[in-house]
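Structure data (PDB, C-alpha atoms and all ligand atoms) from structure_26.pdb:
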ATOM      1  CA  MET I 152     -21.729 -65.982   8.134
ATOM      2  CA  ALA I 153     -22.472 -62.949   5.969
ATOM      3  CA  PRO I 154     -23.731 -63.628   2.454
ATOM      4  CA  HIS I 155     -20.920 -63.730  -0.108
ATOM      5  CA  SER I 156     -18.182 -62.731   2.283
ATOM      6  CA  SER I 157     -14.701 -63.625   1.083
ATOM      7  CA  ASP I 158     -15.650 -65.353  -2.178
ATOM      8  CA  ASP I 159     -17.514 -62.345  -3.476
ATOM      9  CA  LEU I 160     -15.549 -60.957  -6.368
ATOM     10  CA  SER I 161     -15.238 -64.116  -8.420
ATOM     11  CA  THR I 162     -18.938 -65.024  -8.165
ATOM     12  CA  HIS I 163     -20.697 -61.877  -9.380
ATOM     13  CA  TRP I 164     -22.088 -63.792 -12.365
ATOM     14  CA  ALA I 165     -23.926 -66.205 -10.066
ATOM     15  CA  ARG I 166     -24.774 -63.865  -7.209
ATOM     16  CA  HIS I 167     -28.508 -63.562  -7.890
ATOM     17  CA  GLU I 168     -28.975 -67.282  -7.165
ATOM     18  CA  LEU I 169     -26.506 -67.784  -4.324
ATOM     19  CA  GLY I 170     -27.229 -67.433  -0.620
ATOM     20  CA  GLU I 171     -24.547 -67.560   2.024
ATOM     21  CA  VAL I 172     -21.161 -69.224   1.848
ATOM     22  CA  VAL I 173     -21.544 -72.563   3.611
ATOM     23  CA  ILE I 174     -17.882 -73.582   3.253
ATOM     24  CA  SER I 175     -15.230 -71.241   1.914
ATOM     25  CA  ALA I 176     -12.633 -72.277  -0.645
ATOM     26  CA  LYS I 177      -9.958 -71.912   2.017
ATOM     27  CA  ASP I 178     -11.729 -74.188   4.491
ATOM     28  CA  LEU I 179     -12.376 -76.771   1.758
ATOM     29  CA  GLN I 180      -8.703 -76.905   0.801
ATOM     30  CA  ALA I 181      -7.516 -77.108   4.416
ATOM     31  CA  LYS I 182      -9.859 -80.017   5.136
ATOM     32  CA  ILE I 183      -8.812 -81.837   1.972
ATOM     33  CA  VAL I 184      -5.157 -81.658   3.037
ATOM     34  CA  GLU I 185      -6.167 -83.273   6.353
ATOM     35  CA  LEU I 186      -8.213 -85.985   4.628
ATOM     36  CA  GLY I 187      -5.354 -86.735   2.243
ATOM     37  CA  GLN I 188      -2.919 -87.135   5.111
ATOM     38  CA  GLN I 189      -5.262 -89.464   6.972
ATOM     39  CA  ILE I 190      -5.895 -91.602   3.875
ATOM     40  CA  THR I 191      -2.132 -91.753   3.198
ATOM     41  CA  LYS I 192      -1.621 -93.071   6.714
ATOM     42  CA  ASP I 193      -4.485 -95.574   6.663
ATOM     43  CA  TYR I 194      -3.651 -97.125   3.279
ATOM     44  CA  GLN I 195       0.172 -97.313   3.516
ATOM     45  CA  ASP I 196       0.315-101.032   2.750
ATOM     46  CA  ASN I 197      -2.427-101.184   0.157
ATOM     47  CA  PRO I 198      -3.066 -98.065  -1.958
ATOM     48  CA  PRO I 199      -6.771 -97.875  -2.807
ATOM     49  CA  LEU I 200      -8.659 -97.522  -6.051
ATOM     50  CA  LEU I 201     -10.462 -94.179  -5.712
ATOM     51  CA  VAL I 202     -13.941 -94.487  -7.181
ATOM     52  CA  CYS I 203     -15.243 -91.047  -8.050
ATOM     53  CA  VAL I 204     -18.971 -90.602  -8.368
ATOM     54  CA  LEU I 205     -19.612 -88.274 -11.307
ATOM     55  CA  LYS I 206     -20.184 -85.539 -11.755
ATOM     56  CA  GLY I 207     -20.451 -83.874  -8.375
ATOM     57  CA  ALA I 208     -17.323 -85.411  -6.829
ATOM     58  CA  VAL I 209     -14.960 -84.418  -9.644
ATOM     59  CA  ASN I 210     -13.607 -81.254  -7.989
ATOM     60  CA  PHE I 211     -13.172 -83.110  -4.709
ATOM     61  CA  LEU I 212     -11.397 -86.066  -6.338
ATOM     62  CA  ALA I 213      -9.036 -83.794  -8.268
ATOM     63  CA  ASP I 214      -7.929 -81.998  -5.111
ATOM     64  CA  LEU I 215      -7.997 -85.017  -2.789
ATOM     65  CA  MET I 216      -5.928 -87.334  -4.987
ATOM     66  CA  ARG I 217      -3.122 -84.773  -5.066
ATOM     67  CA  GLU I 218      -2.963 -84.823  -1.263
ATOM     68  CA  ILE I 219      -2.605 -88.604  -1.065
ATOM     69  CA  GLU I 220       1.032 -89.643  -1.113
ATOM     70  CA  LEU I 221       0.537 -93.180  -2.387
ATOM     71  CA  PRO I 222       0.277 -94.769  -5.853
ATOM     72  CA  VAL I 223      -3.524 -94.650  -5.901
ATOM     73  CA  THR I 224      -5.513 -95.404  -9.035
ATOM     74  CA  VAL I 225      -8.813 -93.806 -10.039
ATOM     75  CA  ASP I 226     -11.968 -94.853 -11.817
ATOM     76  CA  PHE I 227     -15.338 -93.212 -12.380
ATOM     77  CA  MET I 228     -18.983 -94.100 -12.043
ATOM     78  CA  ALA I 229     -21.919 -91.990 -13.066
ATOM     79  CA  VAL I 230     -25.178 -92.378 -11.236
ATOM     80  CA  SER I 231     -28.320 -90.363 -11.272
ATOM     81  CA  SER I 232     -30.504 -89.922  -8.244
ATOM     82  CA  TYR I 233     -31.974 -86.449  -8.624
ATOM     83  CA  GLY I 234     -32.451 -85.411 -12.230
ATOM     84  CA  ALA I 235     -32.741 -81.645 -12.375
ATOM     85  CA  ALA I 236     -34.846 -81.249  -9.245
ATOM     86  CA  THR I 237     -33.609 -80.544  -5.735
ATOM     87  CA  LYS I 238     -35.427 -83.404  -3.967
ATOM     88  CA  THR I 239     -34.227 -87.012  -3.959
ATOM     89  CA  SER I 240     -36.293 -89.466  -5.969
ATOM     90  CA  GLY I 241     -34.953 -92.536  -4.182
ATOM     91  CA  VAL I 242     -34.272 -94.095  -7.573
ATOM     92  CA  VAL I 243     -30.617 -94.718  -8.432
ATOM     93  CA  GLN I 244     -29.690 -95.297 -12.030
ATOM     94  CA  ILE I 245     -26.200 -96.398 -13.155
ATOM     95  CA  LEU I 246     -25.256 -94.227 -16.144
ATOM     96  CA  LYS I 247     -21.600 -95.310 -16.328
ATOM     97  CA  ASP I 248     -19.998 -98.301 -14.651
ATOM     98  CA  LEU I 249     -16.354 -98.859 -13.639
ATOM     99  CA  ASP I 250     -13.707 -99.882 -16.178
ATOM    100  CA  THR I 251     -11.670-101.634 -13.469
ATOM    101  CA  ASP I 252     -12.093-105.144 -12.049
ATOM    102  CA  ILE I 253     -12.379-104.495  -8.312
ATOM    103  CA  ALA I 254     -12.163-108.090  -7.028
ATOM    104  CA  GLY I 255      -9.605-108.206  -4.201
ATOM    105  CA  ARG I 256      -8.982-104.431  -4.331
ATOM    106  CA  GLU I 257      -9.210-101.813  -1.587
ATOM    107  CA  ILE I 258     -11.945 -99.446  -2.752
ATOM    108  CA  LEU I 259     -12.471 -95.914  -1.514
ATOM    109  CA  ILE I 260     -15.599 -94.265  -2.895
ATOM    110  CA  VAL I 261     -15.140 -90.506  -3.238
ATOM    111  CA  GLU I 262     -18.541 -88.844  -2.914
ATOM    112  CA  ASP I 263     -19.579 -85.197  -2.926
ATOM    113  CA  ILE I 264     -22.496 -85.217  -0.505
ATOM    114  CA  VAL I 265     -24.522 -87.713   1.471
ATOM    115  CA  ASP I 266     -28.103 -86.586   1.859
ATOM    116  CA  SER I 267     -30.694 -89.358   2.275
ATOM    117  CA  GLY I 268     -27.920 -91.964   1.971
ATOM    118  CA  LEU I 269     -29.870 -93.828  -0.732
ATOM    119  CA  THR I 270     -27.291 -93.368  -3.490
ATOM    120  CA  LEU I 271     -24.391 -94.609  -1.398
ATOM    121  CA  ASP I 272     -26.352 -97.436   0.120
ATOM    122  CA  TYR I 273     -27.144 -98.662  -3.365
ATOM    123  CA  LEU I 274     -23.548 -98.230  -4.582
ATOM    124  CA  LEU I 275     -22.066-100.042  -1.601
ATOM    125  CA  ARG I 276     -24.269-103.048  -2.241
ATOM    126  CA  TYR I 277     -23.784-102.918  -6.025
ATOM    127  CA  LEU I 278     -19.959-102.781  -5.817
ATOM    128  CA  GLY I 279     -19.816-105.038  -2.753
ATOM    129  CA  GLU I 280     -21.082-107.921  -4.875
ATOM    130  CA  ARG I 281     -17.896-107.807  -7.002
ATOM    131  CA  GLY I 282     -15.696-109.073  -4.184
ATOM    132  CA  PRO I 283     -13.515-106.072  -3.262
ATOM    133  CA  LYS I 284     -11.129-106.619  -0.353
ATOM    134  CA  SER I 285     -12.599-103.594   1.381
ATOM    135  CA  ILE I 286     -14.978-100.827   0.425
ATOM    136  CA  GLU I 287     -15.073 -97.514   2.292
ATOM    137  CA  VAL I 288     -16.447 -94.038   1.701
ATOM    138  CA  CYS I 289     -14.875 -90.590   1.770
ATOM    139  CA  ALA I 290     -17.656 -87.977   1.611
ATOM    140  CA  LEU I 291     -16.912 -84.276   1.452
ATOM    141  CA  LEU I 292     -20.279 -83.263   2.917
ATOM    142  CA  HIS I 293     -22.739 -85.021   5.171
ATOM    143  CA  LYS I 294     -26.168 -83.448   5.478
ATOM    144  CA  VAL I 295     -27.264 -84.090   9.013
ATOM    145  CA  GLY I 296     -30.772 -85.033   9.989
ATOM    146  CA  LEU I 297     -31.993 -86.351   6.667
ATOM    147  CA  GLN I 298     -30.579 -89.840   6.461
ATOM    148  CA  ARG I 299     -33.121 -92.391   5.405
ATOM    149  CA  VAL I 300     -30.469 -95.114   5.340
ATOM    150  CA  GLU I 301     -27.466 -95.386   7.634
ATOM    151  CA  VAL I 302     -24.306 -95.659   5.548
ATOM    152  CA  PRO I 303     -20.850 -96.207   7.055
ATOM    153  CA  LEU I 304     -18.684 -93.152   6.256
ATOM    154  CA  LYS I 305     -14.995 -93.689   6.999
ATOM    155  CA  TYR I 306     -14.039 -90.091   6.166
ATOM    156  CA  VAL I 307     -16.257 -86.998   6.239
ATOM    157  CA  GLY I 308     -15.156 -83.474   5.395
ATOM    158  CA  PHE I 309     -17.978 -81.382   6.877
ATOM    159  CA  ALA I 310     -21.387 -81.911   8.435
ATOM    160  CA  ILE I 311     -23.802 -79.326   7.018
ATOM    161  CA  PRO I 312     -27.419 -78.383   7.741
ATOM    162  CA  GLU I 313     -30.330 -79.353   5.527
ATOM    163  CA  ALA I 314     -30.244 -76.555   2.923
ATOM    164  CA  PHE I 315     -29.698 -77.324  -0.772
ATOM    165  CA  VAL I 316     -26.150 -76.327  -1.672
ATOM    166  CA  VAL I 317     -24.192 -75.706  -4.884
ATOM    167  CA  GLY I 318     -20.580 -75.149  -5.873
ATOM    168  CA  TYR I 319     -17.329 -77.108  -5.841
ATOM    169  CA  GLY I 320     -18.797 -79.818  -8.079
ATOM    170  CA  LEU I 321     -22.359 -79.600  -6.809
ATOM    171  CA  ASP I 322     -24.879 -78.353  -9.352
ATOM    172  CA  VAL I 323     -28.369 -77.222  -9.881
ATOM    173  CA  ALA I 324     -29.474 -78.242 -13.379
ATOM    174  CA  GLU I 325     -25.756 -78.646 -14.264
ATOM    175  CA  ARG I 326     -24.854 -75.093 -13.239
ATOM    176  CA  TYR I 327     -22.425 -73.821 -10.584
ATOM    177  CA  ARG I 328     -20.093 -76.832 -10.455
ATOM    178  CA  ASN I 329     -17.248 -74.417 -11.220
ATOM    179  CA  LEU I 330     -17.563 -72.315  -8.056
ATOM    180  CA  ASP I 331     -14.642 -72.902  -5.715
ATOM    181  CA  ALA I 332     -16.682 -72.581  -2.505
ATOM    182  CA  ILE I 333     -19.995 -74.079  -1.389
ATOM    183  CA  TYR I 334     -23.082 -71.862  -1.188
ATOM    184  CA  THR I 335     -26.736 -72.218  -0.393
ATOM    185  CA  PHE I 336     -28.880 -71.995  -3.509
ATOM    186  CA  VAL I 337     -31.702 -69.464  -3.387
ATOM    187  CA  GLY I 338     -32.815 -69.397  -7.037
ATOM    188  CA  GLU I 339     -35.514 -71.349  -8.851
ATOM    189  CA  ALA I 340     -34.481 -74.998  -9.357
TER     190      ALA I 340
HETATM  191  P1  LIG O 401     -28.716 -89.074  -1.493
HETATM  192  O1  LIG O 401     -28.931 -90.326  -2.275
HETATM  193  O2  LIG O 401     -27.747 -89.255  -0.345
HETATM  194  O3  LIG O 401     -30.024 -88.467  -1.045
HETATM  195  O4  LIG O 401     -28.161 -87.989  -2.478
HETATM  196  C1  LIG O 401     -26.914 -88.052  -2.964
HETATM  197  C2  LIG O 401     -26.740 -87.242  -4.217
HETATM  198  O5  LIG O 401     -27.742 -86.234  -4.356
HETATM  199  C3  LIG O 401     -25.439 -86.502  -4.162
HETATM  200  O6  LIG O 401     -24.387 -87.277  -4.681
HETATM  201  C4  LIG O 401     -25.720 -85.259  -4.970
HETATM  202  O7  LIG O 401     -25.491 -85.522  -6.328
HETATM  203  C5  LIG O 401     -27.194 -85.008  -4.748
HETATM  204  N1  LIG O 401     -27.407 -84.015  -3.664
HETATM  205  C6  LIG O 401     -27.810 -84.234  -2.408
HETATM  206  N2  LIG O 401     -27.907 -83.079  -1.700
HETATM  207  C7  LIG O 401     -27.545 -82.100  -2.556
HETATM  208  C8  LIG O 401     -27.404 -80.673  -2.426
HETATM  209  O8  LIG O 401     -27.633 -80.041  -1.391
HETATM  210  N3  LIG O 401     -26.993 -80.011  -3.532
HETATM  211  C9  LIG O 401     -26.705 -80.633  -4.719
HETATM  212  N4  LIG O 401     -26.315 -79.867  -5.724
HETATM  213  N5  LIG O 401     -26.822 -81.966  -4.875
HETATM  214  C10 LIG O 401     -27.231 -82.702  -3.806
END

Turn the structure described in the file into structure tokens.
Ligand code: 5GP
Amino acid sequence: MAPHSSDDLSTHWARHELGEVVISAKDLQAKIVELGQQITKDYQDNPPLLVCVLKGAVNFLADLMREIELPVTVDFMAVSSYGAATKTSGVVQILKDLDTDIAGREILIVEDIVDSGLTLDYLLRYLGERGPKSIEVCALLHKVGLQRVEVPLKYVGFAIPEAFVVGYGLDVAERYRNLDAIYTFVGEA
């Protein structure tokens, strides 16, 4: 795809650090409608607690929850696995825990991107110990070829290649979360 094709005009302020559009805003929204419909179908009898992993999954959660036609509830966790760099450290730190008691609940973790799998693997074990009825994952992006740990992903939006990406919640040093498409990052991290 050509660099900055359809999302060009609104991103002039970030252009010097953005490479090509990996997923356009239109494709993101279309996929999220599909995911919402599937989740609505799968959880008819038991609406899940959506656990959003801050901060990267915030845009995804906000759009996804509005496509789920069930009385879902939401809660937030903040974890840190990268710091400001673009390589995983393998160390997961819990910065904010859930407010909700999840014992006996259906849990759906809403995650922005699965890269090495280390963050999710840790979270699944950490939350699994609190006795949820079920615990599943909905990841917007799955980076193929890099998994160090196999994590079960019930829902995946898009498989993407190994480049470092920003936009739609994903940052580099806290920047670019407010882009409505996903781009490769070509600046200095
Ligand atoms: P993992 O533990 O699977 O290696 O990494 C998961 C976390 O690392 C994600 O939730 C996300 O915060 C961050 N991450 C992984 N790949 C990327 C990427 O390409 N771009 C950005 N901005 N963050 C990433």

Q: Check which residues satisfy the PyMOL selection byres (((chain I and resi 200) around 7) and not hetatm) in the file shown, then give them as a PyMOL selection string.
A: chain I and resi 198-199+201-202+223-225+257-259

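Nearest residue to I:Leu278 among I:Leu291, I:Ile253, I:Val323, I:Val317 is I:Ile253, counting only C-alpha atoms.
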
Q. Pick from I:Val261, I:Ala290, I:Val243, I:Ala208: nearest to I:Tyr319, with only C-alpha atoms counted?
A.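 Of I:Val261, I:Ala290, I:Val243, I:Ala208, the one nearest I:Tyr319 is I:Ala208, counting only C-alpha atoms.
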
To verify the selection step, state as a PDB file with C-alpha atoms, keeping the file's coordinate frame which residues the PyMOL selection byres (((not hetatm)) within 9 of (chain O and resi 401)) yields on this input.
ATOM      1  CA  VAL I 204     -18.971 -90.602  -8.368  1.00  0.00           C
ATOM      2  CA  LEU I 205     -19.612 -88.274 -11.307  1.00  0.00           C
ATOM      3  CA  LYS I 206     -20.184 -85.539 -11.755  1.00  0.00           C
ATOM      4  CA  GLY I 207     -20.451 -83.874  -8.375  1.00  0.00           C
ATOM      5  CA  ALA I 208     -17.323 -85.411  -6.829  1.00  0.00           C
ATOM      6  CA  VAL I 230     -25.178 -92.378 -11.236  1.00  0.00           C
ATOM      7  CA  SER I 231     -28.320 -90.363 -11.272  1.00  0.00           C
ATOM      8  CA  SER I 232     -30.504 -89.922  -8.244  1.00  0.00           C
ATOM      9  CA  TYR I 233     -31.974 -86.449  -8.624  1.00  0.00           C
ATOM     10  CA  THR I 237     -33.609 -80.544  -5.735  1.00  0.00           C
ATOM     11  CA  LYS I 238     -35.427 -83.404  -3.967  1.00  0.00           C
ATOM     12  CA  THR I 239     -34.227 -87.012  -3.959  1.00  0.00           C
ATOM     13  CA  SER I 240     -36.293 -89.466  -5.969  1.00  0.00           C
ATOM     14  CA  GLY I 241     -34.953 -92.536  -4.182  1.00  0.00           C
ATOM     15  CA  VAL I 242     -34.272 -94.095  -7.573  1.00  0.00           C
ATOM     16  CA  VAL I 243     -30.617 -94.718  -8.432  1.00  0.00           C
ATOM     17  CA  GLU I 262     -18.541 -88.844  -2.914  1.00  0.00           C
ATOM     18  CA  ASP I 263     -19.579 -85.197  -2.926  1.00  0.00           C
ATOM     19  CA  ILE I 264     -22.496 -85.217  -0.505  1.00  0.00           C
ATOM     20  CA  VAL I 265     -24.522 -87.713   1.471  1.00  0.00           C
ATOM     21  CA  ASP I 266     -28.103 -86.586   1.859  1.00  0.00           C
ATOM     22  CA  SER I 267     -30.694 -89.358   2.275  1.00  0.00           C
ATOM     23  CA  GLY I 268     -27.920 -91.964   1.971  1.00  0.00           C
ATOM     24  CA  LEU I 269     -29.870 -93.828  -0.732  1.00  0.00           C
ATOM     25  CA  THR I 270     -27.291 -93.368  -3.490  1.00  0.00           C
ATOM     26  CA  LEU I 271     -24.391 -94.609  -1.398  1.00  0.00           C
ATOM     27  CA  ASP I 272     -26.352 -97.436   0.120  1.00  0.00           C
ATOM     28  CA  TYR I 273     -27.144 -98.662  -3.365  1.00  0.00           C
ATOM     29  CA  LEU I 292     -20.279 -83.263   2.917  1.00  0.00           C
ATOM     30  CA  HIS I 293     -22.739 -85.021   5.171  1.00  0.00           C
ATOM     31  CA  LYS I 294     -26.168 -83.448   5.478  1.00  0.00           C
ATOM     32  CA  LEU I 297     -31.993 -86.351   6.667  1.00  0.00           C
ATOM     33  CA  GLN I 298     -30.579 -89.840   6.461  1.00  0.00           C
ATOM     34  CA  ARG I 299     -33.121 -92.391   5.405  1.00  0.00           C
ATOM     35  CA  VAL I 300     -30.469 -95.114   5.340  1.00  0.00           C
ATOM     36  CA  GLU I 313     -30.330 -79.353   5.527  1.00  0.00           C
ATOM     37  CA  ALA I 314     -30.244 -76.555   2.923  1.00  0.00           C
ATOM     38  CA  PHE I 315     -29.698 -77.324  -0.772  1.00  0.00           C
ATOM     39  CA  VAL I 316     -26.150 -76.327  -1.672  1.00  0.00           C
ATOM     40  CA  VAL I 317     -24.192 -75.706  -4.884  1.00  0.00           C
ATOM     41  CA  GLY I 318     -20.580 -75.149  -5.873  1.00  0.00           C
ATOM     42  CA  GLY I 320     -18.797 -79.818  -8.079  1.00  0.00           C
ATOM     43  CA  LEU I 321     -22.359 -79.600  -6.809  1.00  0.00           C
ATOM     44  CA  ASP I 322     -24.879 -78.353  -9.352  1.00  0.00           C
ATOM     45  CA  VAL I 323     -28.369 -77.222  -9.881  1.00  0.00           C
ATOM     46  CA  ALA I 324     -29.474 -78.242 -13.379  1.00  0.00           C
ATOM     47  CA  GLU I 325     -25.756 -78.646 -14.264  1.00  0.00           C
ATOM     48  CA  TYR I 327     -22.425 -73.821 -10.584  1.00  0.00           C
ATOM     49  CA  ARG I 328     -20.093 -76.832 -10.455  1.00  0.00           C
ATOM     50  CA  THR I 335     -26.736 -72.218  -0.393  1.00  0.00           C
ATOM     51  CA  PHE I 336     -28.880 -71.995  -3.509  1.00  0.00           C
TER      52      PHE I 336
END

Can you check which parts of stretch 190-279 of chain I lie within 12 Å of stretch 172-176 of chain I? Per residue, the shortest pair of atoms and distance in Å to one decimal, counting only C-alpha atoms, sorted by chain and number, as a tab-separated table.
residue	atom	partner	partner_atom	distance
I:Asn210	CA	I:Ala176	CA	11.6
I:Phe211	CA	I:Ala176	CA	11.6
I:Asp214	CA	I:Ala176	CA	11.7

**Q.** Å distance separating atom CA of I:Leu215 from atom CA of I:Ile260, one decimal place
**A.**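 Separating atom CA of I:Leu215 from atom CA of I:Ile260 is a distance of 12.0 Å.
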
Q) On this structure, which residues satisfy the PyMOL selection byres (((chain I and resi 338) around 8) and not hetatm), written as a list in words? A)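 Evaluating the PyMOL selection byres (((chain I and resi 338) around 8) and not hetatm) on this file yields His167, Glu168, Leu169, Phe336, Val337, Glu339 and Ala340 of chain I.
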
Q: Kindly give the distance, in Å, that separates atom CA of I:Asp196 and atom CA of I:Ser285, rounded to a single decimal.
A: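 Interatomic distance here is 13.2 Å.
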
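Comparing the minimum interatomic distances between I:Pro303 and each of I:Leu275, I:Glu218, I:Ser161, I:Leu330, counting only C-alpha atoms, we find that I:Leu275 sits nearest.
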
Around all the atoms of stretch 320-327 of chain I listed in the file, with 8 Å of room on each side, what axis-aligned box do you get, giving centre and edge lengths in Å to one decimal, as JSON?
{"center_x": -24.1, "center_y": -76.8, "center_z": -10.5, "size_x": 26.7, "size_y": 22.0, "size_z": 23.5}

Q) Around (-8.5, -89.0, 4.7) in the file's own coordinates, what residues are found within 10 Å if you use only C-alpha atoms, given back as a list in words? A)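 Looking at atoms near the point gives Lys182, Ile183, Val184, Glu185, Leu186, Gly187, Gln188, Gln189, Ile190, Thr191, Lys192, Asp193, Tyr194, Leu215, Glu218, Ile219, Val288, Cys289, Ala290, Lys305, Tyr306, Val307 and Gly308 of chain I.
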
Q) Between atom CA of I:Glu287 and atom CA of I:Val209, what is the spacing in Å? A) 17.7 Å
